[in-house]
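**Student:** target.txt is reproduced below (compact mmCIF, C-alpha atoms).
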# COMPACT_ATOMS: atom_id res chain seq x y z
CA MET A 240 -28.65 15.05 16.75
CA ASP A 241 -26.56 12.05 15.87
CA PHE A 242 -24.24 13.91 13.56
CA LYS A 243 -20.65 13.92 14.72
CA GLU A 244 -17.52 15.68 13.59
CA PRO A 245 -14.23 13.75 13.40
CA GLY A 246 -13.06 15.39 16.61
CA ASP A 247 -15.96 13.92 18.57
CA TYR A 248 -14.51 10.44 18.39
CA LYS A 249 -12.19 9.32 21.11
CA THR A 250 -9.95 6.72 19.55
CA GLU A 251 -8.46 6.13 16.14
CA VAL A 252 -7.30 3.03 14.29
CA HIS A 253 -4.98 2.83 11.29
CA PHE A 254 -4.83 -0.18 9.02
CA ILE A 255 -1.73 -0.03 6.86
CA GLY A 256 -0.79 -2.86 4.58
CA GLN A 257 -1.20 -4.61 1.32
CA ILE A 258 -3.39 -7.05 -0.56
CA VAL A 259 -0.41 -9.21 -1.37
CA ALA A 260 -1.41 -12.09 -3.57
CA GLY A 261 -3.77 -14.92 -4.36
CA THR A 262 -2.79 -18.56 -4.37
CA GLN A 263 -4.25 -21.88 -5.46
CA PHE A 264 -6.80 -20.45 -7.85
CA ASP A 265 -5.85 -23.05 -10.50
CA THR A 266 -6.34 -20.76 -13.45
CA SER A 267 -4.15 -19.19 -16.10
CA ALA A 268 -6.51 -16.26 -16.68
CA GLY A 269 -6.10 -12.88 -15.06
CA LEU A 270 -7.64 -12.33 -11.65
CA PHE A 271 -8.43 -9.21 -9.73
CA CYS A 272 -9.62 -8.71 -6.22
CA GLU A 273 -12.28 -6.34 -4.96
CA ILE A 274 -12.55 -5.47 -1.31
CA HIS A 275 -15.39 -3.73 0.48
CA LEU A 276 -15.32 -2.61 4.06
CA GLU A 277 -17.96 -3.34 6.64
CA TYR A 278 -17.92 -1.73 10.06
CA GLY A 279 -20.31 -0.69 12.79
CA ASP A 280 -22.37 2.48 13.14
CA GLN A 281 -20.07 3.94 15.75
CA TRP A 282 -17.15 3.89 13.34
CA ARG A 283 -16.22 6.65 10.95
CA GLU A 284 -13.83 6.30 8.06
CA LEU A 285 -11.53 9.26 7.50
CA PRO A 286 -11.39 11.44 5.50
CA ASN A 287 -14.45 10.11 3.69
CA ARG A 288 -16.44 6.93 3.54
CA SER A 289 -15.22 4.94 0.55
CA GLU A 290 -18.29 3.83 -1.34
CA GLN A 291 -16.81 1.94 -4.22
CA GLY A 292 -14.34 -0.29 -2.45
CA ILE A 293 -10.80 -1.18 -3.33
CA GLN A 294 -10.03 -2.79 -6.68
CA THR A 295 -6.62 -4.22 -7.46
CA GLN A 296 -4.86 -4.67 -10.76
CA THR A 297 -5.60 -7.63 -13.01
CA SER A 298 -2.76 -10.04 -12.46
CA TYR A 299 -1.66 -13.20 -14.22
CA PRO A 300 -0.10 -16.11 -12.32
CA SER A 301 3.63 -16.72 -12.18
CA VAL A 302 5.30 -20.08 -12.67
CA ASP A 303 4.77 -20.90 -9.01
CA GLU A 304 1.01 -20.13 -9.25
CA LEU A 305 1.22 -16.91 -7.28
CA ILE A 306 -1.01 -14.06 -8.43
CA VAL A 307 0.61 -10.88 -7.17
CA TRP A 308 -1.65 -7.89 -6.55
CA ALA A 309 0.51 -5.87 -4.14
CA HIS A 310 -2.21 -3.27 -3.69
CA PRO A 311 -1.47 -0.79 -0.91
CA ILE A 312 -4.07 -0.23 1.81
CA ASP A 313 -4.00 2.85 4.03
CA LEU A 314 -7.18 3.09 6.09
CA HIS A 315 -7.93 5.47 8.92
CA PHE A 316 -10.90 5.06 11.24
CA SER A 317 -12.10 6.94 14.25
CA THR A 318 -14.45 5.21 16.64
CA ASN A 319 -16.31 5.44 19.90
CA SER A 320 -16.83 1.75 20.30
CA ILE A 321 -14.92 -1.47 19.99
CA PHE A 322 -18.04 -3.16 18.61
CA GLY A 323 -18.33 -3.44 14.88
CA TRP A 324 -14.59 -3.76 14.25
CA PRO A 325 -14.00 -3.53 10.49
CA LYS A 326 -14.19 -6.51 8.19
CA PHE A 327 -13.02 -7.07 4.66
CA ILE A 328 -15.52 -8.54 2.22
CA ILE A 329 -13.43 -10.03 -0.58
CA ARG A 330 -14.59 -10.82 -4.08
CA VAL A 331 -12.21 -12.32 -6.63
CA TRP A 332 -13.04 -11.74 -10.29
CA ARG A 333 -11.62 -13.42 -13.36
CA LEU A 334 -10.82 -11.74 -16.69
CA ASP A 335 -10.47 -14.44 -19.33
CA ASP A 336 -8.88 -14.31 -22.78
CA VAL A 337 -12.11 -13.30 -24.51
CA GLY A 338 -12.55 -10.32 -22.21
CA ARG A 339 -15.39 -11.63 -20.04
CA ILE A 340 -15.42 -10.82 -16.35
CA ASP A 341 -16.74 -13.51 -14.01
CA LEU A 342 -17.14 -13.48 -10.26
CA LEU A 343 -14.94 -16.33 -9.09
CA SER A 344 -15.21 -16.47 -5.30
CA TYR A 345 -16.17 -14.76 -2.08
CA GLY A 346 -14.39 -14.38 1.24
CA VAL A 347 -14.78 -12.54 4.52
CA THR A 348 -12.01 -11.76 6.95
CA ALA A 349 -12.04 -9.77 10.18
CA LEU A 350 -9.22 -7.32 10.73
CA PRO A 351 -6.91 -7.82 13.70
CA CYS A 352 -7.49 -5.64 16.75
CA SER A 353 -4.09 -5.43 18.40
CA PRO A 354 -1.16 -3.36 17.17
CA GLY A 355 1.50 -5.07 15.14
CA TYR A 356 2.07 -6.91 11.91
CA PHE A 357 -0.30 -9.62 10.71
CA LYS A 358 -0.33 -11.86 7.68
CA LEU A 359 -3.88 -12.95 6.98
CA GLU A 360 -4.72 -15.77 4.65
CA CYS A 361 -8.38 -15.77 3.71
CA PRO A 362 -9.67 -18.92 2.01
CA THR A 363 -12.47 -18.18 -0.42
CA TRP A 364 -15.47 -20.11 -1.71
CA ARG A 365 -18.25 -19.90 -4.25
CA PRO A 366 -21.78 -21.32 -4.24
CA ILE A 367 -22.69 -24.48 -6.14
CA GLY A 368 -25.67 -24.31 -8.48
CA THR A 369 -27.62 -27.08 -10.14
CA TRP A 370 -25.83 -29.51 -12.46
CA GLN A 371 -26.91 -27.40 -15.42
CA ASP A 372 -25.22 -24.37 -13.86
CA GLU A 373 -22.05 -26.29 -13.16
CA ALA A 374 -21.92 -27.65 -16.70
CA MET A 375 -22.47 -24.14 -18.06
CA ALA A 376 -19.70 -22.80 -15.81
CA PHE A 377 -17.30 -25.55 -16.87
CA PHE A 378 -17.78 -25.27 -20.63
CA ILE A 379 -18.81 -21.67 -21.20
CA GLY A 380 -17.92 -19.70 -18.08
CA GLY A 381 -19.90 -17.67 -15.61
CA PRO A 382 -19.90 -19.64 -12.37
CA PRO A 383 -22.92 -19.32 -10.07
CA ARG A 384 -22.96 -16.29 -7.78
CA LEU A 385 -24.92 -15.29 -4.71
CA MET A 386 -28.36 -13.82 -5.33
CA ASN A 387 -28.39 -12.19 -1.91
CA GLN A 388 -25.14 -10.58 -0.79
CA ASP A 389 -26.40 -10.44 2.80
CA ALA A 390 -25.34 -14.07 3.18
CA LEU A 391 -21.74 -12.88 3.43
CA THR A 392 -21.89 -11.05 6.75
CA LYS A 393 -25.25 -9.47 7.52
CA GLU A 394 -27.53 -12.53 7.63
CA VAL A 395 -25.29 -15.52 8.08
CA GLY A 396 -28.37 -17.63 8.76
CA LEU A 397 -28.94 -17.63 5.02
CA ARG A 398 -25.84 -19.78 4.65
CA GLN A 399 -27.68 -22.82 6.01
CA THR A 400 -29.34 -23.21 2.65
CA LEU A 401 -26.11 -22.87 0.68
CA LYS A 402 -23.84 -25.45 -0.85
CA THR A 403 -20.39 -24.14 -1.63
CA VAL A 404 -17.15 -25.30 -3.17
CA SER A 405 -13.71 -24.17 -2.13
CA SER A 406 -11.54 -21.87 -4.21
CA GLY A 407 -8.13 -20.22 -3.76
CA SER A 408 -6.81 -18.08 -0.90
CA VAL A 409 -6.15 -14.36 -0.68
CA ILE A 410 -3.11 -13.25 1.31
CA ILE A 411 -3.32 -9.89 3.07
CA GLU A 412 -0.54 -8.29 5.07
CA ILE A 413 -1.76 -5.66 7.46
CA GLU A 414 -0.30 -3.57 10.25
CA VAL A 415 -2.53 -2.08 12.89
CA MET A 416 -1.83 1.11 14.81
CA LEU A 417 -4.16 2.10 17.65
CA ARG A 418 -4.37 5.65 18.91
CA ASN A 419 -5.54 6.78 22.37
CA PHE A 420 -6.76 3.31 23.31
CA ASP A 421 -4.76 3.12 26.49
CA VAL A 422 -5.83 6.65 27.40
CA HIS A 423 -9.57 6.07 27.18
CA TRP A 424 -9.95 2.34 27.69
CA ALA A 425 -8.26 -0.34 29.69
CA ARG A 426 -4.81 -1.30 28.55
CA SER A 427 -5.63 -4.98 28.87
CA GLN A 428 -7.66 -4.75 25.68
CA ILE A 429 -4.57 -3.99 23.65
CA ASN A 430 -1.70 -6.15 24.78
CA MET B 262 5.79 35.74 24.05
CA ASP B 263 3.98 34.85 20.88
CA GLN B 264 2.68 31.31 21.25
CA THR B 265 2.44 30.81 17.51
CA ASP B 266 6.11 31.53 16.90
CA PRO B 267 7.58 28.25 15.64
CA ASN B 268 11.04 29.14 16.92
CA ARG B 269 9.95 29.85 20.48
CA PRO B 270 11.94 28.03 23.16
CA ASN B 271 10.66 24.62 23.98
CA ARG B 272 9.01 24.23 27.37
CA PHE B 273 8.80 20.45 27.32
CA LEU B 274 12.06 19.24 25.94
CA PRO B 275 15.54 20.52 26.69
CA LYS B 276 17.15 22.57 23.98
CA LYS B 277 19.73 20.42 22.32
CA ASP B 278 22.13 20.85 19.50
CA ASP B 279 21.50 17.43 18.05
CA PHE B 280 19.70 16.74 14.84
CA VAL B 281 16.21 16.02 15.99
CA TYR B 282 15.63 19.10 18.10
CA GLY B 283 17.85 21.44 16.19
CA ASP B 284 16.95 24.55 14.30
CA SER B 285 14.44 24.07 11.51
CA SER B 286 17.02 25.36 9.07
CA THR B 287 18.94 22.16 9.75
CA TYR B 288 16.44 20.20 7.71
CA PHE B 289 15.82 22.45 4.77
CA GLN B 290 18.73 23.78 2.84
CA PRO B 291 18.21 27.24 1.32
CA GLN B 292 16.87 26.72 -2.14
CA GLY B 293 17.37 28.93 -5.12
CA PRO B 294 14.57 30.06 -7.42
CA ASP B 295 12.61 27.27 -9.04
CA VAL B 296 13.95 27.14 -12.58
CA THR B 297 11.01 25.10 -13.80
CA GLN B 298 8.74 28.10 -13.21
CA HIS B 299 10.69 30.27 -15.64
CA PRO B 300 8.34 31.66 -18.33
CA ILE B 301 10.51 30.26 -21.10
CA LEU B 302 9.99 26.74 -19.81
CA GLN B 303 6.24 27.10 -19.37
CA PRO B 304 4.37 25.63 -22.32
CA GLU B 305 1.96 27.97 -24.04
CA ILE B 306 -1.20 26.29 -25.14
CA PRO B 307 -3.86 28.33 -26.99
CA GLY B 308 -6.88 28.75 -24.81
CA GLN B 309 -5.07 27.77 -21.64
CA GLU B 310 -6.43 30.82 -19.85
CA LEU B 311 -9.91 29.29 -20.04
CA PHE B 312 -8.81 26.72 -17.47
CA ASP B 313 -7.55 29.28 -14.98
CA ILE B 314 -10.79 28.97 -13.03
CA TYR B 315 -9.73 25.46 -12.06
CA LYS B 316 -6.46 26.65 -10.57
CA ARG B 317 -6.20 26.13 -6.87
CA PRO B 318 -4.02 28.12 -4.53
CA PRO B 319 -1.00 26.24 -3.20
CA SER B 320 -1.80 24.35 -0.05
CA PRO B 321 -0.42 26.05 3.05
CA LYS B 322 2.79 24.64 4.40
CA LEU B 323 2.61 23.26 7.90
CA ILE B 324 4.91 25.16 10.24
CA LEU B 325 5.11 23.58 13.65
CA PRO B 326 7.71 23.39 16.39
CA ASP B 327 9.92 20.34 16.20
CA ASP B 328 8.36 18.52 19.11
CA SER B 329 4.99 18.54 17.35
CA TYR B 330 6.10 15.82 14.97
CA PHE B 331 6.88 12.19 15.40
CA TYR B 332 10.09 10.93 13.88
CA ILE B 333 10.88 7.66 12.18
CA ASN B 334 14.32 6.44 11.23
CA VAL B 335 14.46 3.61 8.72
CA SER B 336 17.66 1.86 7.86
CA GLY B 337 18.32 -1.50 6.36
CA GLN B 338 19.29 -3.12 3.15
CA ILE B 339 17.73 -4.54 0.03
CA GLU B 340 19.31 -7.94 0.23
CA TYR B 341 18.63 -10.10 -2.77
CA ALA B 342 16.17 -11.00 -5.51
CA ASP B 343 14.81 -14.35 -6.60
CA PHE B 344 13.97 -14.30 -10.29
CA GLN B 345 13.59 -17.18 -12.68
CA GLY B 346 14.93 -16.79 -16.19
CA VAL B 347 16.88 -13.62 -15.41
CA ASP B 348 20.67 -13.55 -15.25
CA SER B 349 21.43 -9.97 -14.31
CA LEU B 350 19.43 -7.21 -12.69
CA PHE B 351 19.84 -3.78 -11.30
CA MET B 352 17.40 -2.07 -9.04
CA LYS B 353 16.09 1.40 -8.38
CA TYR B 354 14.33 2.21 -5.15
CA ASP B 355 11.98 5.08 -4.30
CA PHE B 356 10.45 5.97 -0.97
CA VAL B 357 7.08 7.70 -1.30
CA ALA B 358 4.96 9.11 1.49
CA GLY B 359 1.81 11.15 1.89
CA PRO B 360 1.65 14.94 1.62
CA GLU B 361 2.07 15.52 5.35
CA TRP B 362 5.31 13.59 5.51
CA GLN B 363 8.72 15.16 5.27
CA ILE B 364 11.98 13.41 4.53
CA ILE B 365 14.52 15.05 6.82
CA TYR B 366 17.48 12.78 6.26
CA GLY B 367 18.85 10.46 3.63
CA GLN B 368 18.29 9.74 -0.03
CA LYS B 369 14.71 8.98 -0.98
CA SER B 370 15.68 7.28 -4.23
CA GLY B 371 18.70 5.58 -5.64
CA GLY B 372 20.01 2.78 -7.77
CA SER B 373 22.10 -0.29 -7.16
CA GLN B 374 24.84 -2.09 -8.96
CA THR B 375 24.12 -4.72 -11.60
CA ALA B 376 24.11 -8.11 -9.96
CA TYR B 377 24.73 -11.39 -11.77
CA LYS B 378 23.84 -14.88 -10.70
CA ALA B 379 26.64 -17.12 -9.52
CA ARG B 380 27.28 -20.42 -11.22
CA GLY B 381 26.88 -22.54 -8.11
CA SER B 382 23.82 -23.52 -6.16
CA ASN B 383 23.13 -19.95 -5.02
CA ARG B 384 20.53 -18.72 -7.50
CA ARG B 385 20.06 -15.35 -5.85
CA LEU B 386 20.86 -11.97 -7.29
CA VAL B 387 22.52 -10.33 -4.32
CA TRP B 388 22.56 -6.53 -4.13
CA ASN B 389 23.01 -6.02 -0.40
CA PHE B 390 22.16 -2.37 -0.97
CA PRO B 391 21.88 -0.21 2.15
CA PHE B 392 19.49 2.69 2.71
CA ASN B 393 18.97 5.06 5.60
CA LEU B 394 16.18 7.63 5.85
CA GLY B 395 14.54 9.85 8.42
CA PHE B 396 10.87 10.83 8.19
CA ARG B 397 8.70 13.07 10.25
CA SER B 398 4.99 13.70 10.19
CA THR B 399 1.99 14.58 12.30
CA ASN B 400 -0.38 11.97 10.94
CA LEU B 401 -0.03 8.33 10.07
CA LYS B 402 -2.07 8.69 6.87
CA GLY B 403 0.23 8.22 3.93
CA TRP B 404 2.70 5.99 5.76
CA PRO B 405 5.90 5.77 3.67
CA GLN B 406 6.28 3.00 1.14
CA LEU B 407 9.18 1.49 -0.69
CA ILE B 408 8.85 1.10 -4.46
CA ILE B 409 11.37 -1.12 -6.23
CA THR B 410 11.94 -1.24 -9.98
CA CYS B 411 14.03 -4.13 -11.30
CA ILE B 412 15.66 -3.63 -14.68
CA GLY B 413 17.51 -6.33 -16.57
CA GLY B 414 18.78 -7.10 -20.02
CA ASP B 415 16.73 -8.72 -22.75
CA PHE B 416 18.11 -11.10 -25.42
CA LEU B 417 20.13 -8.29 -27.01
CA GLY B 418 21.27 -6.76 -23.75
CA ARG B 419 18.87 -3.83 -23.86
CA GLU B 420 17.41 -2.61 -20.60
CA VAL B 421 13.82 -3.68 -20.02
CA ILE B 422 11.61 -3.81 -16.97
CA LYS B 423 11.73 -7.14 -15.18
CA GLY B 424 9.54 -6.28 -12.25
CA TYR B 425 8.01 -3.73 -9.94
CA GLY B 426 7.39 -4.21 -6.28
CA ASN B 427 5.99 -2.12 -3.46
CA GLY B 428 5.51 -2.41 0.25
CA HIS B 429 5.07 -0.33 3.39
CA ILE B 430 7.78 0.38 5.91
CA PRO B 431 7.05 -1.61 9.09
CA THR B 432 5.11 0.36 11.67
CA GLN B 433 6.63 -1.21 14.75
CA PRO B 434 10.19 -0.54 15.90
CA GLY B 435 12.74 -3.27 15.61
CA ARG B 436 14.16 -5.51 12.94
CA HIS B 437 11.81 -6.75 10.23
CA GLU B 438 12.37 -8.97 7.25
CA ARG B 439 9.94 -8.49 4.41
CA THR B 440 9.50 -10.12 1.02
CA LEU B 441 8.15 -8.03 -1.84
CA TYR B 442 6.55 -10.00 -4.65
CA MET B 443 7.25 -8.54 -8.06
CA TYR B 444 5.12 -8.05 -11.14
CA ARG B 445 5.59 -6.50 -14.55
CA PRO B 446 3.12 -4.87 -16.94
CA LYS B 447 1.47 -6.99 -19.61
CA SER B 448 1.08 -5.62 -23.09
CA SER B 449 -2.41 -4.93 -24.34
CA SER B 450 -2.14 -7.47 -27.17
CA ILE B 451 0.19 -10.13 -28.53
CA LEU B 452 1.16 -7.94 -31.48
CA VAL B 453 2.16 -5.02 -29.28
CA ASN B 454 4.14 -7.41 -27.10
CA PHE B 455 5.98 -8.80 -30.12
CA ILE B 456 6.83 -5.39 -31.55
CA GLY B 457 7.93 -4.23 -28.12
CA ALA B 458 10.22 -7.23 -27.72
CA LEU B 459 11.78 -6.52 -31.11
CA LYS B 460 12.33 -2.83 -30.38
CA GLY B 461 13.48 -3.45 -26.82
CA LYS B 462 10.65 -1.38 -25.38
CA LEU B 463 8.33 -3.58 -23.36
CA ALA B 464 5.36 -2.18 -21.51
CA GLU B 465 6.30 -0.12 -18.49
CA LEU B 466 4.78 2.43 -16.16
CA ILE B 467 5.38 6.13 -16.75
CA ASP B 468 5.54 7.11 -13.09
CA PRO B 469 5.94 4.02 -10.92
CA PRO B 470 6.22 5.78 -7.54
CA SER B 471 2.84 7.47 -7.77
CA THR B 472 1.07 4.75 -9.71
CA LEU B 473 2.14 2.00 -7.35
CA GLY B 474 2.35 3.95 -4.12
CA MET B 475 -0.86 5.93 -4.26
CA ALA B 476 -2.71 3.19 -6.20
CA ASP B 477 -4.02 5.74 -8.70
CA GLY B 478 -5.53 3.95 -11.66
CA ARG B 479 -4.12 0.58 -10.79
CA GLU B 480 -7.43 -1.12 -11.46
CA VAL B 481 -7.07 -0.61 -15.22
CA THR B 482 -3.63 -2.22 -15.46
CA ARG B 483 -2.77 -5.83 -16.17
CA MET B 484 0.33 -7.38 -14.68
CA GLU B 485 2.22 -10.64 -14.90
CA SER B 486 3.56 -12.02 -11.65
CA GLY B 487 7.06 -13.35 -11.06
CA GLY B 488 10.01 -12.91 -8.77
CA SER B 489 10.51 -11.64 -5.25
CA VAL B 490 12.86 -9.30 -3.40
CA LYS B 491 13.99 -9.72 0.19
CA ILE B 492 14.40 -6.60 2.33
CA VAL B 493 15.53 -6.05 5.90
CA PHE B 494 14.22 -3.00 7.75
CA GLN B 495 15.49 -1.55 11.01
CA VAL B 496 12.94 0.92 12.30
CA SER B 497 13.21 3.26 15.27
CA GLN B 498 10.68 5.84 16.34
CA THR B 499 10.45 8.82 18.66
CA ASN B 500 7.46 10.77 19.95
CA MET B 501 4.96 8.13 18.85
CA GLU B 502 3.69 7.51 22.37
CA LYS B 503 3.20 11.23 22.86
CA PHE B 504 0.76 11.16 19.97
CA GLY B 505 -1.17 8.38 21.70
CA TYR B 506 -0.13 5.55 19.42
CA SER B 507 0.37 2.24 21.16
CA VAL B 508 3.75 0.96 20.11
CA LYS B 509 5.09 -2.40 21.15
CA SER B 510 8.09 -2.15 23.43
CA ILE B 511 11.48 -3.09 22.08
CA SER B 512 12.51 -6.24 23.87
Please lay out the structure from this file as structure tokens.

**Tutor:**
Amino acid sequence: MDFKEPGDYKTEVHFIGQIVAGTQFDTSAGLFCEIHLEYGDQWRELPNRSEQGIQTQTSYPSVDELIVWAHPIDLHFSTNSIFGWPKFIIRVWRLDDVGRIDLLSYGVTALPCSPGYFKLECPTWRPIGTWQDEAMAFFIGGPPRLMNQDALTKEVGLRQTLKTVSSGSVIIEIEVMLRNFDVHWARSQIN
Amino acid sequence: MDQTDPNRPNRFLPKKDDFVYGDSSTYFQPQGPDVTQHPILQPEIPGQELFDIYKRPPSPKLILPDDSYFYINVSGQIEYADFQGVDSLFMKYDFVAGPEWQIIYGQKSGGSQTAYKARGSNRRLVWNFPFNLGFRSTNLKGWPQLIITCIGGDFLGREVIKGYGNGHIPTQPGRHERTLYMYRPKSSSILVNFIGALKGKLAELIDPPSTLGMADGREVTRMESGGSVKIVFQVSQTNMEKFGYSVKSIS
């Protein structure tokens, strides 16, 4: 059978860090960030697979246009393969003064695969609709969103038919700790 | 010899009298009875016995020989804050870690002096507040975090929250400089904010270490951003390589 216990995996990876902030979103409304994980079949998240993703607080920009989320991340994976290294799928949502929640932008970032401290800045984007959609988004709210979420990572060929517009950036600080990598695999993969 | 005896002599490391490999009684001072469990202090709620089926036994305490842990020593200082529109601040810090982590040395929480801005070009609020802690654990899950609460005076000099900040201790040994960006809770409506400003009680978190550190229920809060705090960490580690973790060499 394919079922494995946590002890059947050889190596472990820790991702410890923070969803720090968002910049250049050009809005005065509150924003929050939602992060889902995507990783290969040979990877197992410990202690349990998180189904509903990570959702930060709703944060309002400061005078220097920084939207601080400061959401701690503490992820633990065990794996038998270096293929399918985890990725973050980022969605930024907007909560406006009337209480509506709109999906503002998308982003994808791969996590680093060597131990140490990394500061990732992920620029995000959103699709462009027809001119009616853009006018609706400008005056009323509710910018266009993706009909098929597979265009983010699973079927990137779908992106050939997309037109997108740039949005703000999400800053993520992450520290990677690898366990048993130099025992089981070549050390040259790490350093 | 009983192999499960935690005080058995160590085959791998020489017996030393220093702190790290000392007797386990070095770390834990003998504690008296827990006064909070006294029946007088326990609240009596009618019908409370109906919920006894949800009681769980206390989780077993991990007893291991000392060389079965890895050790982390964190020292450093909370250097200064950059806040706009704030003249004076004091700061409380809390270190929180997961359930498997033990603090074997140092103060896990404390408070600083009240710092004022100088009149010159230096617009920083300098605390220069040192801390020094020792941790040990068997698992990296629940890596320790630093939670900072900044408290300053409002227009009548009453103490209100000016910002919270949180961040992890660096995982690699060496000297690290980190900036924590601060945020403060936003009231649920303009009226509540106005009344709170009059009474000197703005919105604040009940239990900042667990709310910010464990991220429990953070998705329902609304925060306003502003300010930053600069921190210098000096981290040293032992036994990490024995656990198989690849640590960068100090060079």

**Student:** Which one is closest to A:Asp389: A:Ile367, A:Ala309, A:Val252, A:Val347? Count only C-alpha atoms.

**Tutor:** A:Val347

**Student:** Can you check which residues of chain A have any atom within 8 Å of chain B? Use only C-alpha atoms and format it as JSON, numbers by chain.

**Tutor:** {"A": [253, 255, 256, 257, 259, 269, 294, 295, 296, 297, 298, 299, 300, 301, 302, 305, 306, 307, 309, 310, 311, 313, 314, 315, 354, 355, 356, 414, 416, 417, 418, 419, 420, 421, 422]}

**Student:** Counting only C-alpha atoms, which residues sit no farther than 10 Å from the position (-16.4, -21.7, -5.0) in the file's frame? I'd like them as a list in words.

**Tutor:**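 Residues with an atom close enough to that point: Leu342, Leu343, Ser344, Tyr345, Gly346, Thr363, Trp364, Arg365, Pro366, Ile367, Pro382, Pro383, Arg384, Lys402, Thr403, Val404, Ser405, Ser406 and Gly407 of chain A.
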
**Student:** Include C-alpha atoms and write out the residues we just selected as a PDB file, keeping the file's coordinate frame.

**Tutor:**
ATOM      1  CA  LEU A 342     -17.140 -13.480 -10.260  1.00  0.00           C
ATOM      2  CA  LEU A 343     -14.940 -16.330  -9.090  1.00  0.00           C
ATOM      3  CA  SER A 344     -15.210 -16.470  -5.300  1.00  0.00           C
ATOM      4  CA  TYR A 345     -16.170 -14.760  -2.080  1.00  0.00           C
ATOM      5  CA  GLY A 346     -14.390 -14.380   1.240  1.00  0.00           C
ATOM      6  CA  THR A 363     -12.470 -18.180  -0.420  1.00  0.00           C
ATOM      7  CA  TRP A 364     -15.470 -20.110  -1.710  1.00  0.00           C
ATOM      8  CA  ARG A 365     -18.250 -19.900  -4.250  1.00  0.00           C
ATOM      9  CA  PRO A 366     -21.780 -21.320  -4.240  1.00  0.00           C
ATOM     10  CA  ILE A 367     -22.690 -24.480  -6.140  1.00  0.00           C
ATOM     11  CA  PRO A 382     -19.900 -19.640 -12.370  1.00  0.00           C
ATOM     12  CA  PRO A 383     -22.920 -19.320 -10.070  1.00  0.00           C
ATOM     13  CA  ARG A 384     -22.960 -16.290  -7.780  1.00  0.00           C
ATOM     14  CA  LYS A 402     -23.840 -25.450  -0.850  1.00  0.00           C
ATOM     15  CA  THR A 403     -20.390 -24.140  -1.630  1.00  0.00           C
ATOM     16  CA  VAL A 404     -17.150 -25.300  -3.170  1.00  0.00           C
ATOM     17  CA  SER A 405     -13.710 -24.170  -2.130  1.00  0.00           C
ATOM     18  CA  SER A 406     -11.540 -21.870  -4.210  1.00  0.00           C
ATOM     19  CA  GLY A 407      -8.130 -20.220  -3.760  1.00  0.00           C
TER      20      GLY A 407
END

**Student:** Which polymer residues, whether protein, DNA or RNA, lie within 10 Å of the coordinate (7.0, -4.1, -25.7) when you count all atoms listed in the file? List them as a PDB file with C-alpha atoms, in the frame of the given file, using the chain letters and numbers from the file.

**Tutor:**
ATOM      1  CA  VAL B 421      13.820  -3.680 -20.020  1.00  0.00           C
ATOM      2  CA  ILE B 422      11.610  -3.810 -16.970  1.00  0.00           C
ATOM      3  CA  PRO B 446       3.120  -4.870 -16.940  1.00  0.00           C
ATOM      4  CA  LYS B 447       1.470  -6.990 -19.610  1.00  0.00           C
ATOM      5  CA  SER B 448       1.080  -5.620 -23.090  1.00  0.00           C
ATOM      6  CA  SER B 449      -2.410  -4.930 -24.340  1.00  0.00           C
ATOM      7  CA  SER B 450      -2.140  -7.470 -27.170  1.00  0.00           C
ATOM      8  CA  ILE B 451       0.190 -10.130 -28.530  1.00  0.00           C
ATOM      9  CA  LEU B 452       1.160  -7.940 -31.480  1.00  0.00           C
ATOM     10  CA  VAL B 453       2.160  -5.020 -29.280  1.00  0.00           C
ATOM     11  CA  ASN B 454       4.140  -7.410 -27.100  1.00  0.00           C
ATOM     12  CA  PHE B 455       5.980  -8.800 -30.120  1.00  0.00           C
ATOM     13  CA  ILE B 456       6.830  -5.390 -31.550  1.00  0.00           C
ATOM     14  CA  GLY B 457       7.930  -4.230 -28.120  1.00  0.00           C
ATOM     15  CA  ALA B 458      10.220  -7.230 -27.720  1.00  0.00           C
ATOM     16  CA  LEU B 459      11.780  -6.520 -31.110  1.00  0.00           C
ATOM     17  CA  LYS B 460      12.330  -2.830 -30.380  1.00  0.00           C
ATOM     18  CA  GLY B 461      13.480  -3.450 -26.820  1.00  0.00           C
ATOM     19  CA  LYS B 462      10.650  -1.380 -25.380  1.00  0.00           C
ATOM     20  CA  LEU B 463       8.330  -3.580 -23.360  1.00  0.00           C
ATOM     21  CA  ALA B 464       5.360  -2.180 -21.510  1.00  0.00           C
ATOM     22  CA  GLU B 465       6.300  -0.120 -18.490  1.00  0.00           C
TER      23      GLU B 465
END

**Student:** What does the distance from atom CA of B:Thr375 to atom CA of B:Leu350 come to in Å, to one decimal?

**Tutor:** 5.4 Å

**Student:** Between B:Gln368, B:Asn383, B:Asn400, B:Thr410, which is the closest to B:Met352 once you count only C-alpha atoms?

**Tutor:**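 The answer is B:Thr410, which sits nearest to B:Met352.
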
**Student:** Take atom CA of A:Arg283 and atom CA of A:Tyr248 and report the distance between them in Å, one decimal.

**Tutor:**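 Interatomic distance here is 8.5 Å.
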
**Student:** Give the answer as one residue: which of B:Trp362, B:Tyr315, B:Trp388, B:Phe396 has the shortest atom-to-atom distance to B:Ser336, using all atoms listed in the file?

**Tutor:** B:Phe396
